[in-house]
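Trainee: Here it is, the structure, as structure tokens.
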Amino acid sequence: AAVRADDDALQWASTDLLADRGVVLEAVRRCGFNLACASNSLQADREVVLAAVGRHGLALEFADAELQADHQVVLTALAQDGNAFQFADLNLRGDRKFVLRAVKQNGYALTYAMPELRGDREIVLAAIERTGWIWECGLQISQFGGWALQTAA
């Protein structure tokens, strides 16, 4: 009941409640960041993690490493927040095929792709098409050494 009344209540819960799947599932549905307080076993529970990242994509940070490498979990997180890609498994961030899917879902994911993929014309154009963010933000263009404009030109 406390979780329904206060999104932050889980942080004060007992160890037993932090391992209670029903309590944690309710809590992450309200605030995905509650995943940070959950027991390790629930941070590795696919349904719990999907609920958390579906609410707050950045909650991917608190998911078990195996789930940070799960395509569906990462794409669900990206649908909520492109910055969640920073918490995805390095192999996914370096997988050209997956990065292309990621930037088509959220162009901001390009920021966290492996450097060799941030210069890939098809990936950059997909990110631009999805969000247009590269054109709008000179800081981000200069951060990547102007490659976005060179690649897109």
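Labels used: A, B, ... for chains in the order of the structure tokens, numbers from 1 for residues in each chain, and numbers from 1 for ligands as shown.
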Counting only C-alpha atoms, what is within 12 Å of A:Leu75, bar same-chain residues fewer than 4 positions away, as a PyMOL selection string?

Mentor: chain A and resi 50+53-54+57-58+60+67-71+79-85+87-88+92-93+98-106+109
